[in-house]
Amino acid sequence: MSKLFAYLSYRDVDAAITWLEALGLVDDANGLHGLALQAGGSSVFAPEKTEWGAERARVLDPEGYEWSFGTYEPGGSW
């Protein structure tokens, strides 16, 4: 099995770490969206229910990176 490793480069690493720490765990799309905005992010789209029953949202972090998060798990039963 191969592995995939992703990384991001930030101009202000300390600010990026502070932003990520403010988000906490990704177990509530609505709550995470709110935390991201409070920590300086901006909304791409607000939390929404999908037609398959999951929740999802997207935000831009303070440096403009887009983050997508939600409750969908590939292979899960919806």
# chains A, B, ... in the order shown; residues from 1 in each chain; ligands from 1

$ select_by_dssp --residues "chain A" --states "helix (DSSP H, G or I)" --output "PyMOL selection string"
chain A and resi 13-23+29-38

$ select_by_dssp --residues "chain A" --states "strand (DSSP E or B)" --output "ChimeraX atom specification"
/A:42-49,55-60,66-70

$ residues_around --residues "stretch 62-78 of chain A" --least-positions-apart "3" --cutoff "10 Å" --atoms "only C-alpha atoms" --output "PyMOL selection string"
chain A and resi 8-12+15-16+19+26-30+32-33+36-37+39-45+47-59

$ write_last_selection --atoms "N, CA and C atoms" --output "mmCIF file, in the first residue's frame"
data_model
loop_
_atom_site.group_PDB
_atom_site.id
_atom_site.type_symbol
_atom_site.label_atom_id
_atom_site.label_comp_id
_atom_site.auth_asym_id
_atom_site.auth_seq_id
_atom_site.Cartn_x
_atom_site.Cartn_y
_atom_site.Cartn_z
ATOM 1 N N LEU A 8 1.702 22.031 3.356
ATOM 2 C CA LEU A 8 1.399 23.389 2.930
ATOM 3 C C LEU A 8 2.550 24.286 3.346
ATOM 4 N N SER A 9 2.811 25.290 2.559
ATOM 5 C CA SER A 9 3.827 26.286 2.901
ATOM 6 C C SER A 9 3.129 27.587 3.260
ATOM 7 N N TYR A 10 3.474 28.140 4.407
ATOM 8 C CA TYR A 10 2.894 29.388 4.874
ATOM 9 C C TYR A 10 3.968 30.445 5.024
ATOM 10 N N ARG A 11 3.611 31.701 4.720
ATOM 11 C CA ARG A 11 4.535 32.811 4.926
ATOM 12 C C ARG A 11 4.727 33.061 6.423
ATOM 13 N N ASP A 12 3.638 33.000 7.190
ATOM 14 C CA ASP A 12 3.683 33.233 8.637
ATOM 15 C C ASP A 12 3.311 31.934 9.341
ATOM 16 N N ALA A 15 1.418 32.167 12.777
ATOM 17 C CA ALA A 15 0.003 32.519 12.624
ATOM 18 C C ALA A 15 -0.787 31.332 12.099
ATOM 19 N N ALA A 16 -0.210 30.561 11.186
ATOM 20 C CA ALA A 16 -0.891 29.385 10.633
ATOM 21 C C ALA A 16 -1.121 28.340 11.718
ATOM 22 N N TRP A 19 -3.898 29.478 13.969
ATOM 23 C CA TRP A 19 -5.197 29.303 13.312
ATOM 24 C C TRP A 19 -5.636 27.843 13.363
ATOM 25 N N VAL A 26 -12.274 18.056 13.842
ATOM 26 C CA VAL A 26 -13.222 18.175 12.707
ATOM 27 C C VAL A 26 -14.403 17.246 12.875
ATOM 28 N N ASP A 27 -15.182 17.317 14.091
ATOM 29 C CA ASP A 27 -16.309 16.408 14.328
ATOM 30 C C ASP A 27 -17.657 17.105 14.173
ATOM 31 N N ASP A 28 -17.669 18.390 13.817
ATOM 32 C CA ASP A 28 -18.902 19.147 13.653
ATOM 33 C C ASP A 28 -18.662 20.225 12.599
ATOM 34 N N ALA A 29 -19.166 20.027 11.392
ATOM 35 C CA ALA A 29 -18.908 20.961 10.294
ATOM 36 C C ALA A 29 -19.400 22.366 10.626
ATOM 37 N N ASN A 30 -20.560 22.476 11.236
ATOM 38 C CA ASN A 30 -21.108 23.785 11.574
ATOM 39 C C ASN A 30 -20.243 24.488 12.623
ATOM 40 N N LEU A 32 -17.077 23.839 13.366
ATOM 41 C CA LEU A 32 -15.754 24.109 12.814
ATOM 42 C C LEU A 32 -15.778 25.332 11.909
ATOM 43 N N HIS A 33 -16.830 25.483 11.138
ATOM 44 C CA HIS A 33 -16.983 26.663 10.281
ATOM 45 C C HIS A 33 -16.967 27.927 11.143
ATOM 46 N N ALA A 36 -13.482 28.585 12.534
ATOM 47 C CA ALA A 36 -12.588 29.066 11.482
ATOM 48 C C ALA A 36 -12.800 30.558 11.240
ATOM 49 N N LEU A 37 -14.048 31.002 11.237
ATOM 50 C CA LEU A 37 -14.334 32.424 11.026
ATOM 51 C C LEU A 37 -13.853 33.259 12.211
ATOM 52 N N ALA A 39 -11.411 32.634 14.083
ATOM 53 C CA ALA A 39 -9.944 32.621 14.106
ATOM 54 C C ALA A 39 -9.345 33.400 12.938
ATOM 55 N N GLY A 40 -10.172 34.066 12.127
ATOM 56 C CA GLY A 40 -9.643 34.909 11.054
ATOM 57 C C GLY A 40 -9.842 34.383 9.652
ATOM 58 N N GLY A 41 -10.513 33.248 9.505
ATOM 59 C CA GLY A 41 -10.796 32.713 8.178
ATOM 60 C C GLY A 41 -12.012 33.403 7.572
ATOM 61 N N SER A 42 -12.285 33.086 6.310
ATOM 62 C CA SER A 42 -13.477 33.622 5.655
ATOM 63 C C SER A 42 -14.233 32.477 4.987
ATOM 64 N N SER A 43 -15.532 32.637 4.898
ATOM 65 C CA SER A 43 -16.384 31.571 4.387
ATOM 66 C C SER A 43 -16.375 31.514 2.861
ATOM 67 N N VAL A 44 -16.194 30.311 2.318
ATOM 68 C CA VAL A 44 -16.398 30.064 0.890
ATOM 69 C C VAL A 44 -17.856 29.654 0.708
ATOM 70 N N PHE A 45 -18.310 28.690 1.510
ATOM 71 C CA PHE A 45 -19.743 28.431 1.654
ATOM 72 C C PHE A 45 -20.027 27.886 3.038
ATOM 73 N N PRO A 47 -21.970 25.934 6.215
ATOM 74 C CA PRO A 47 -22.337 24.526 6.363
ATOM 75 C C PRO A 47 -23.676 24.239 5.694
ATOM 76 N N GLU A 48 -23.727 23.089 5.044
ATOM 77 C CA GLU A 48 -24.946 22.669 4.365
ATOM 78 C C GLU A 48 -25.090 21.166 4.452
ATOM 79 N N LYS A 49 -26.317 20.710 4.390
ATOM 80 C CA LYS A 49 -26.607 19.271 4.308
ATOM 81 C C LYS A 49 -26.546 18.870 2.841
ATOM 82 N N THR A 50 -25.903 17.756 2.567
ATOM 83 C CA THR A 50 -25.841 17.256 1.199
ATOM 84 C C THR A 50 -27.020 16.334 0.927
ATOM 85 N N GLU A 51 -27.223 16.027 -0.339
ATOM 86 C CA GLU A 51 -28.322 15.123 -0.709
ATOM 87 C C GLU A 51 -28.098 13.712 -0.190
ATOM 88 N N TRP A 52 -26.855 13.366 0.186
ATOM 89 C CA TRP A 52 -26.574 12.030 0.707
ATOM 90 C C TRP A 52 -26.508 12.025 2.235
ATOM 91 N N GLY A 53 -26.902 13.137 2.881
ATOM 92 C CA GLY A 53 -27.050 13.162 4.328
ATOM 93 C C GLY A 53 -25.851 13.609 5.131
ATOM 94 N N ALA A 54 -24.794 14.011 4.481
ATOM 95 C CA ALA A 54 -23.610 14.497 5.194
ATOM 96 C C ALA A 54 -23.713 16.017 5.367
ATOM 97 N N GLU A 55 -22.823 16.577 6.172
ATOM 98 C CA GLU A 55 -22.670 18.024 6.285
ATOM 99 C C GLU A 55 -21.320 18.400 5.720
ATOM 100 N N ARG A 56 -21.245 19.600 5.118
ATOM 101 C CA ARG A 56 -19.957 20.065 4.590
ATOM 102 C C ARG A 56 -19.928 21.586 4.601
ATOM 103 N N ALA A 57 -18.705 22.129 4.556
ATOM 104 C CA ALA A 57 -18.489 23.574 4.509
ATOM 105 C C ALA A 57 -17.096 23.824 3.952
ATOM 106 N N ARG A 58 -16.856 25.056 3.529
ATOM 107 C CA ARG A 58 -15.519 25.438 3.055
ATOM 108 C C ARG A 58 -15.174 26.820 3.584
ATOM 109 N N VAL A 59 -13.894 26.990 3.940
ATOM 110 C CA VAL A 59 -13.388 28.279 4.406
ATOM 111 C C VAL A 59 -12.031 28.552 3.764
#

$ atom_distance --atom1 "atom CA of A:Gln38" --atom2 "atom CA of A:Ile17"
14.8 Å
